[in-house]
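Quick notes on the structure that follows.
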Amino acid sequence: MLSGLETRRDAVAQGRVLVVDDEPMVTEVLGRYLQREGFDVDLAADGEEAVRLARAQRPDLVVLDLMLPKLDGLEVCRTLRRDSEVPIIILTAKGEEMDRIVGLELGADDYVVKPFSPRELLARVKAVLRRGSLRSQHPDSGVDLRFGSLRINPKSRAVEVRDTKVALTAKEFDLLYFLASSPGQVFTRDQLMDHVWDFAYAGDASTVTVHIRRLREKVEADPERPTFLKTVWGVGYKFEGEL
């Protein structure tokens with residue numbers, strides 16, 4: 001728990017957030033800002049402490065800097081993703097585009113580029129948690145979809161390819177189910193950000209691109225020649241298949 005500041009007594013607990021950064025100023029400012037909004041907050045200054053706290057406290061979301069001592073942020077992301085599907089928002093510097101892409105490929109749900117405002121991060125945190133809350137409130141919403149060898153079950157959030165279960169992150173499942181629910185319809189990257197992530201990325205399409213690539217690697221027989229997740233050059237993506 002963040003020392004020196006108690007959560008507001010009149011605030012309704014919105015969840016527990018683990019903030020991981022080796023810069024004390026960053027963790028202190030973000031921690032206090034999140035606490036004022038009603039979140040319980042844990043702070044970690046290195047990768048090993050982040051993994052320990054995540055396993056002990058089971059946060060609802062992790063804000064994770066990639067440049068960390070002892071265990072770097074990418075390895076922390078990989079470890080957390082093996083342990084659970086806890087939402088992860090990574091923090092990167094402007095020049096760390098490759099690390100950002102690798103973080104998304106490892107299963108991070110979102111990223112924020114430094115320098116950023118606490119208000120921007122708070123919006124991202126609330127958007128990620130809101131979508132997770134909607135899923136838990138309506139676990140049986142949606143229709144079971146089957147396209148040849150591919151089966152998507154929204155109730156159990158399970159995906160099978162040729163009768164073999166495929167492990168997807170929460171965001172990968174959301175993206176796949178959204179596209180598959182409207183086969184043949186083309187969506188721009190901005191539209192996918194609005195529907196699946198709940199907010200726009202000011203023209204940065206790397207998050208959608210990375211998630212599409214990860215999905216192809218998991219559900220396509222040949223990711224280089226996809227049959228389900230098609231690119232519509234200059235526009236966006238669509239799902240092809242007959243129910």
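Each chain in the structure tokens gets a letter, A, B, ..., in the order shown, and its residues are numbered from 1; ligands are numbered from 1 in order too.
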
Which parts of stretch 84-200 of chain A does DSSP call helix (DSSP H, G or I) when run on the backbone here, written out as an mmCIF file with N, CA and C atoms, in the first residue's frame?
```
data_model
loop_
_atom_site.group_PDB
_atom_site.id
_atom_site.type_symbol
_atom_site.label_atom_id
_atom_site.label_comp_id
_atom_site.auth_asym_id
_atom_site.auth_seq_id
_atom_site.Cartn_x
_atom_site.Cartn_y
_atom_site.Cartn_z
ATOM 1 N N GLU A 97 9.974 2.204 -29.283
ATOM 2 C CA GLU A 97 8.881 1.629 -30.060
ATOM 3 C C GLU A 97 8.988 0.110 -30.149
ATOM 4 N N MET A 98 10.205 -0.424 -30.385
ATOM 5 C CA MET A 98 10.354 -1.869 -30.509
ATOM 6 C C MET A 98 9.996 -2.572 -29.208
ATOM 7 N N ASP A 99 10.457 -2.026 -28.069
ATOM 8 C CA ASP A 99 10.103 -2.629 -26.780
ATOM 9 C C ASP A 99 8.602 -2.584 -26.559
ATOM 10 N N ARG A 100 7.974 -1.492 -26.987
ATOM 11 C CA ARG A 100 6.521 -1.373 -26.842
ATOM 12 C C ARG A 100 5.811 -2.467 -27.632
ATOM 13 N N ILE A 101 6.262 -2.692 -28.852
ATOM 14 C CA ILE A 101 5.649 -3.722 -29.691
ATOM 15 C C ILE A 101 5.872 -5.102 -29.089
ATOM 16 N N VAL A 102 7.080 -5.351 -28.581
ATOM 17 C CA VAL A 102 7.355 -6.644 -27.947
ATOM 18 C C VAL A 102 6.470 -6.824 -26.726
ATOM 19 N N GLY A 103 6.288 -5.753 -25.941
ATOM 20 C CA GLY A 103 5.409 -5.836 -24.775
ATOM 21 C C GLY A 103 3.993 -6.213 -25.151
ATOM 22 N N LEU A 104 3.479 -5.629 -26.215
ATOM 23 C CA LEU A 104 2.140 -5.976 -26.689
ATOM 24 C C LEU A 104 2.095 -7.414 -27.176
ATOM 25 N N GLU A 105 3.155 -7.846 -27.820
ATOM 26 C CA GLU A 105 3.197 -9.233 -28.288
ATOM 27 C C GLU A 105 3.241 -10.218 -27.136
ATOM 28 N N PRO A 118 -1.060 12.179 -15.497
ATOM 29 C CA PRO A 118 -1.811 11.216 -14.687
ATOM 30 C C PRO A 118 -3.250 11.053 -15.164
ATOM 31 N N ARG A 119 -3.841 12.129 -15.682
ATOM 32 C CA ARG A 119 -5.221 12.057 -16.163
ATOM 33 C C ARG A 119 -5.322 11.088 -17.349
ATOM 34 N N GLU A 120 -4.324 11.136 -18.241
ATOM 35 C CA GLU A 120 -4.330 10.222 -19.386
ATOM 36 C C GLU A 120 -4.236 8.781 -18.924
ATOM 37 N N LEU A 121 -3.326 8.517 -17.988
ATOM 38 C CA LEU A 121 -3.185 7.151 -17.495
ATOM 39 C C LEU A 121 -4.456 6.689 -16.807
ATOM 40 N N LEU A 122 -5.066 7.577 -16.008
ATOM 41 C CA LEU A 122 -6.299 7.211 -15.316
ATOM 42 C C LEU A 122 -7.382 6.813 -16.310
ATOM 43 N N ALA A 123 -7.485 7.544 -17.420
ATOM 44 C CA ALA A 123 -8.486 7.208 -18.439
ATOM 45 C C ALA A 123 -8.230 5.818 -18.998
ATOM 46 N N ARG A 124 -6.963 5.492 -19.231
ATOM 47 C CA ARG A 124 -6.636 4.165 -19.748
ATOM 48 C C ARG A 124 -6.960 3.077 -18.719
ATOM 49 N N VAL A 125 -6.607 3.327 -17.467
ATOM 50 C CA VAL A 125 -6.887 2.356 -16.409
ATOM 51 C C VAL A 125 -8.381 2.085 -16.309
ATOM 52 N N LYS A 126 -9.175 3.139 -16.285
ATOM 53 C CA LYS A 126 -10.624 2.967 -16.146
ATOM 54 C C LYS A 126 -11.219 2.256 -17.357
ATOM 55 N N ALA A 127 -10.702 2.563 -18.558
ATOM 56 C CA ALA A 127 -11.233 1.923 -19.761
ATOM 57 C C ALA A 127 -10.955 0.423 -19.759
ATOM 58 N N VAL A 128 -9.731 0.035 -19.384
ATOM 59 C CA VAL A 128 -9.384 -1.384 -19.343
ATOM 60 C C VAL A 128 -10.210 -2.117 -18.289
ATOM 61 N N LEU A 129 -10.337 -1.528 -17.110
ATOM 62 C CA LEU A 129 -11.105 -2.166 -16.042
ATOM 63 C C LEU A 129 -12.597 -2.192 -16.356
ATOM 64 N N ARG A 130 -13.097 -1.152 -17.020
ATOM 65 C CA ARG A 130 -14.516 -1.116 -17.362
ATOM 66 C C ARG A 130 -14.887 -2.262 -18.289
ATOM 67 N N ARG A 131 -14.058 -2.516 -19.285
ATOM 68 C CA ARG A 131 -14.362 -3.608 -20.205
ATOM 69 C C ARG A 131 -14.312 -4.951 -19.492
ATOM 70 N N GLY A 132 -13.340 -5.117 -18.581
ATOM 71 C CA GLY A 132 -13.281 -6.353 -17.816
ATOM 72 C C GLY A 132 -14.497 -6.525 -16.934
ATOM 73 N N SER A 133 -14.987 -5.421 -16.353
ATOM 74 C CA SER A 133 -16.175 -5.475 -15.513
ATOM 75 C C SER A 133 -17.409 -5.860 -16.315
ATOM 76 N N LEU A 134 -17.528 -5.318 -17.508
ATOM 77 C CA LEU A 134 -18.676 -5.661 -18.356
ATOM 78 C C LEU A 134 -18.663 -7.139 -18.713
ATOM 79 N N ARG A 135 -17.475 -7.686 -18.939
ATOM 80 C CA ARG A 135 -17.387 -9.117 -19.256
ATOM 81 C C ARG A 135 -17.860 -9.955 -18.086
ATOM 82 N N SER A 136 -17.446 -9.573 -16.857
ATOM 83 C CA SER A 136 -17.815 -10.376 -15.696
ATOM 84 C C SER A 136 -19.299 -10.248 -15.373
ATOM 85 N N GLN A 137 -19.899 -9.089 -15.667
ATOM 86 C CA GLN A 137 -21.317 -8.896 -15.399
ATOM 87 C C GLN A 137 -22.200 -9.634 -16.398
ATOM 88 N N ALA A 170 -7.192 -11.698 -22.724
ATOM 89 C CA ALA A 170 -8.539 -11.130 -22.710
ATOM 90 C C ALA A 170 -8.765 -10.203 -23.904
ATOM 91 N N LYS A 171 -7.781 -9.382 -24.218
ATOM 92 C CA LYS A 171 -7.944 -8.440 -25.320
ATOM 93 C C LYS A 171 -7.934 -9.149 -26.672
ATOM 94 N N GLU A 172 -7.121 -10.189 -26.811
ATOM 95 C CA GLU A 172 -7.132 -10.961 -28.054
ATOM 96 C C GLU A 172 -8.497 -11.583 -28.291
ATOM 97 N N PHE A 173 -9.096 -12.125 -27.226
ATOM 98 C CA PHE A 173 -10.427 -12.717 -27.383
ATOM 99 C C PHE A 173 -11.442 -11.656 -27.769
ATOM 100 N N ASP A 174 -11.405 -10.513 -27.102
ATOM 101 C CA ASP A 174 -12.357 -9.444 -27.411
ATOM 102 C C ASP A 174 -12.257 -9.028 -28.879
ATOM 103 N N LEU A 175 -11.040 -8.892 -29.376
ATOM 104 C CA LEU A 175 -10.837 -8.472 -30.759
ATOM 105 C C LEU A 175 -11.325 -9.542 -31.730
ATOM 106 N N LEU A 176 -10.990 -10.791 -31.460
ATOM 107 C CA LEU A 176 -11.416 -11.874 -32.342
ATOM 108 C C LEU A 176 -12.936 -11.996 -32.364
ATOM 109 N N TYR A 177 -13.560 -11.946 -31.189
ATOM 110 C CA TYR A 177 -15.003 -12.114 -31.142
ATOM 111 C C TYR A 177 -15.719 -10.947 -31.809
ATOM 112 N N PHE A 178 -15.200 -9.746 -31.622
ATOM 113 C CA PHE A 178 -15.820 -8.589 -32.250
ATOM 114 C C PHE A 178 -15.783 -8.712 -33.771
ATOM 115 N N LEU A 179 -14.641 -9.054 -34.324
ATOM 116 C CA LEU A 179 -14.530 -9.194 -35.781
ATOM 117 C C LEU A 179 -15.375 -10.350 -36.294
ATOM 118 N N ALA A 180 -15.329 -11.482 -35.598
ATOM 119 C CA ALA A 180 -16.061 -12.666 -36.049
ATOM 120 C C ALA A 180 -17.565 -12.498 -35.930
ATOM 121 N N ARG A 189 -8.735 0.678 -38.111
ATOM 122 C CA ARG A 189 -8.041 0.500 -36.835
ATOM 123 C C ARG A 189 -8.653 1.399 -35.765
ATOM 124 N N ASP A 190 -9.036 2.601 -36.128
ATOM 125 C CA ASP A 190 -9.665 3.490 -35.149
ATOM 126 C C ASP A 190 -10.995 2.922 -34.649
ATOM 127 N N GLN A 191 -11.769 2.327 -35.551
ATOM 128 C CA GLN A 191 -13.038 1.723 -35.136
ATOM 129 C C GLN A 191 -12.799 0.557 -34.183
ATOM 130 N N LEU A 192 -11.779 -0.238 -34.465
ATOM 131 C CA LEU A 192 -11.463 -1.355 -33.578
ATOM 132 C C LEU A 192 -10.998 -0.854 -32.214
ATOM 133 N N MET A 193 -10.222 0.240 -32.199
ATOM 134 C CA MET A 193 -9.812 0.808 -30.925
ATOM 135 C C MET A 193 -11.026 1.280 -30.125
ATOM 136 N N ASP A 194 -11.965 1.926 -30.805
ATOM 137 C CA ASP A 194 -13.161 2.431 -30.124
ATOM 138 C C ASP A 194 -14.002 1.301 -29.544
ATOM 139 N N HIS A 195 -14.187 0.225 -30.322
ATOM 140 C CA HIS A 195 -15.079 -0.860 -29.908
ATOM 141 C C HIS A 195 -14.417 -1.839 -28.940
ATOM 142 N N VAL A 196 -13.153 -2.121 -29.136
ATOM 143 C CA VAL A 196 -12.498 -3.159 -28.342
ATOM 144 C C VAL A 196 -11.723 -2.583 -27.161
ATOM 145 N N TRP A 197 -11.113 -1.412 -27.365
ATOM 146 C CA TRP A 197 -10.323 -0.799 -26.299
ATOM 147 C C TRP A 197 -11.057 0.329 -25.596
#
```

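Using only C-alpha atoms, the residues found no farther than 12 Å from A:Ala45, other than those of its own chain fewer than 6 positions away, are Leu18, Val19, Val20, Asp21, Asp22, Glu23, Pro24, Met25, Val26, Thr27, Glu28, Val51, Arg52, Leu53, Val63, Leu64, Asp65, Leu66, Met67, Leu68, Pro69, Lys70, Leu71, Asp72 and Gly73 of chain A.
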
Quick one: write out the picked residues with N, CA and C atoms as an mmCIF file, in the first residue's frame?
```cif
data_model
loop_
_atom_site.group_PDB
_atom_site.id
_atom_site.type_symbol
_atom_site.label_atom_id
_atom_site.label_comp_id
_atom_site.auth_asym_id
_atom_site.auth_seq_id
_atom_site.Cartn_x
_atom_site.Cartn_y
_atom_site.Cartn_z
ATOM 1 N N LEU A 18 -1.333 -2.162 -9.258
ATOM 2 C CA LEU A 18 0.089 -2.259 -8.951
ATOM 3 C C LEU A 18 0.841 -1.361 -9.918
ATOM 4 N N VAL A 19 1.561 -0.367 -9.388
ATOM 5 C CA VAL A 19 2.346 0.558 -10.201
ATOM 6 C C VAL A 19 3.817 0.184 -10.062
ATOM 7 N N VAL A 20 4.472 -0.080 -11.197
ATOM 8 C CA VAL A 20 5.859 -0.543 -11.189
ATOM 9 C C VAL A 20 6.717 0.423 -11.987
ATOM 10 N N ASP A 21 7.651 1.101 -11.302
ATOM 11 C CA ASP A 21 8.563 2.030 -11.963
ATOM 12 C C ASP A 21 9.727 2.283 -11.013
ATOM 13 N N ASP A 22 10.941 2.417 -11.544
ATOM 14 C CA ASP A 22 12.102 2.634 -10.688
ATOM 15 C C ASP A 22 12.331 4.109 -10.385
ATOM 16 N N GLU A 23 11.466 4.980 -10.909
ATOM 17 C CA GLU A 23 11.557 6.410 -10.604
ATOM 18 C C GLU A 23 10.576 6.725 -9.473
ATOM 19 N N PRO A 24 11.082 7.032 -8.271
ATOM 20 C CA PRO A 24 10.190 7.294 -7.127
ATOM 21 C C PRO A 24 9.163 8.378 -7.399
ATOM 22 N N MET A 25 9.548 9.403 -8.150
ATOM 23 C CA MET A 25 8.604 10.479 -8.440
ATOM 24 C C MET A 25 7.404 9.965 -9.230
ATOM 25 N N VAL A 26 7.651 9.073 -10.193
ATOM 26 C CA VAL A 26 6.568 8.528 -11.019
ATOM 27 C C VAL A 26 5.621 7.700 -10.172
ATOM 28 N N THR A 27 6.173 6.766 -9.383
ATOM 29 C CA THR A 27 5.303 5.899 -8.584
ATOM 30 C C THR A 27 4.537 6.699 -7.539
ATOM 31 N N GLU A 28 5.195 7.694 -6.932
ATOM 32 C CA GLU A 28 4.520 8.483 -5.899
ATOM 33 C C GLU A 28 3.371 9.291 -6.489
ATOM 34 N N VAL A 51 6.853 -8.804 -9.441
ATOM 35 C CA VAL A 51 6.324 -10.166 -9.541
ATOM 36 C C VAL A 51 5.854 -10.648 -8.182
ATOM 37 N N ARG A 52 6.640 -10.367 -7.140
ATOM 38 C CA ARG A 52 6.261 -10.797 -5.791
ATOM 39 C C ARG A 52 4.943 -10.168 -5.355
ATOM 40 N N LEU A 53 4.813 -8.857 -5.558
ATOM 41 C CA LEU A 53 3.585 -8.170 -5.143
ATOM 42 C C LEU A 53 2.385 -8.615 -5.978
ATOM 43 N N VAL A 63 0.321 -1.380 -13.868
ATOM 44 C CA VAL A 63 0.966 -0.335 -14.670
ATOM 45 C C VAL A 63 2.455 -0.624 -14.598
ATOM 46 N N LEU A 64 3.078 -0.931 -15.738
ATOM 47 C CA LEU A 64 4.418 -1.521 -15.737
ATOM 48 C C LEU A 64 5.379 -0.749 -16.633
ATOM 49 N N ASP A 65 6.415 -0.165 -16.013
ATOM 50 C CA ASP A 65 7.487 0.450 -16.801
ATOM 51 C C ASP A 65 8.370 -0.660 -17.363
ATOM 52 N N LEU A 66 8.918 -0.454 -18.556
ATOM 53 C CA LEU A 66 9.731 -1.496 -19.186
ATOM 54 C C LEU A 66 11.191 -1.448 -18.756
ATOM 55 N N MET A 67 11.685 -0.276 -18.370
ATOM 56 C CA MET A 67 13.082 -0.137 -17.969
ATOM 57 C C MET A 67 13.180 -0.284 -16.453
ATOM 58 N N LEU A 68 13.466 -1.513 -15.989
ATOM 59 C CA LEU A 68 13.490 -1.795 -14.562
ATOM 60 C C LEU A 68 14.778 -2.515 -14.164
ATOM 61 N N PRO A 69 15.255 -2.296 -12.919
ATOM 62 C CA PRO A 69 16.392 -3.065 -12.424
ATOM 63 C C PRO A 69 15.971 -4.468 -11.986
ATOM 64 N N LYS A 70 16.973 -5.341 -11.851
ATOM 65 C CA LYS A 70 16.840 -6.721 -11.375
ATOM 66 C C LYS A 70 16.127 -7.627 -12.377
ATOM 67 N N LEU A 71 14.940 -7.230 -12.831
ATOM 68 C CA LEU A 71 14.190 -7.997 -13.821
ATOM 69 C C LEU A 71 13.489 -6.985 -14.710
ATOM 70 N N ASP A 72 13.818 -6.984 -16.013
ATOM 71 C CA ASP A 72 13.276 -5.921 -16.856
ATOM 72 C C ASP A 72 11.776 -6.094 -17.084
ATOM 73 N N GLY A 73 11.151 -5.013 -17.544
ATOM 74 C CA GLY A 73 9.704 -4.997 -17.676
ATOM 75 C C GLY A 73 9.160 -6.027 -18.634
#
```

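Going from atom CA of A:Arg82 to atom CA of A:Gly15 covers 21.5 Å.
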
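If you look at atom CA of A:Arg32 and atom CA of A:Arg58, they are 19.7 Å away from each other.
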
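Atom to atom, atom CA of A:Ala108 and atom CA of A:Ile212 stand 13.6 Å apart.
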
> Tell me, which residues of stretch 27-235 of chain A carry DSSP strand (DSSP E or B), written as a PyMOL selection string?
Replying inline: chain A and resi 40-44+61-65+88-93+110-114+145-147+150-153+158-161+164-166+187-188+229-232
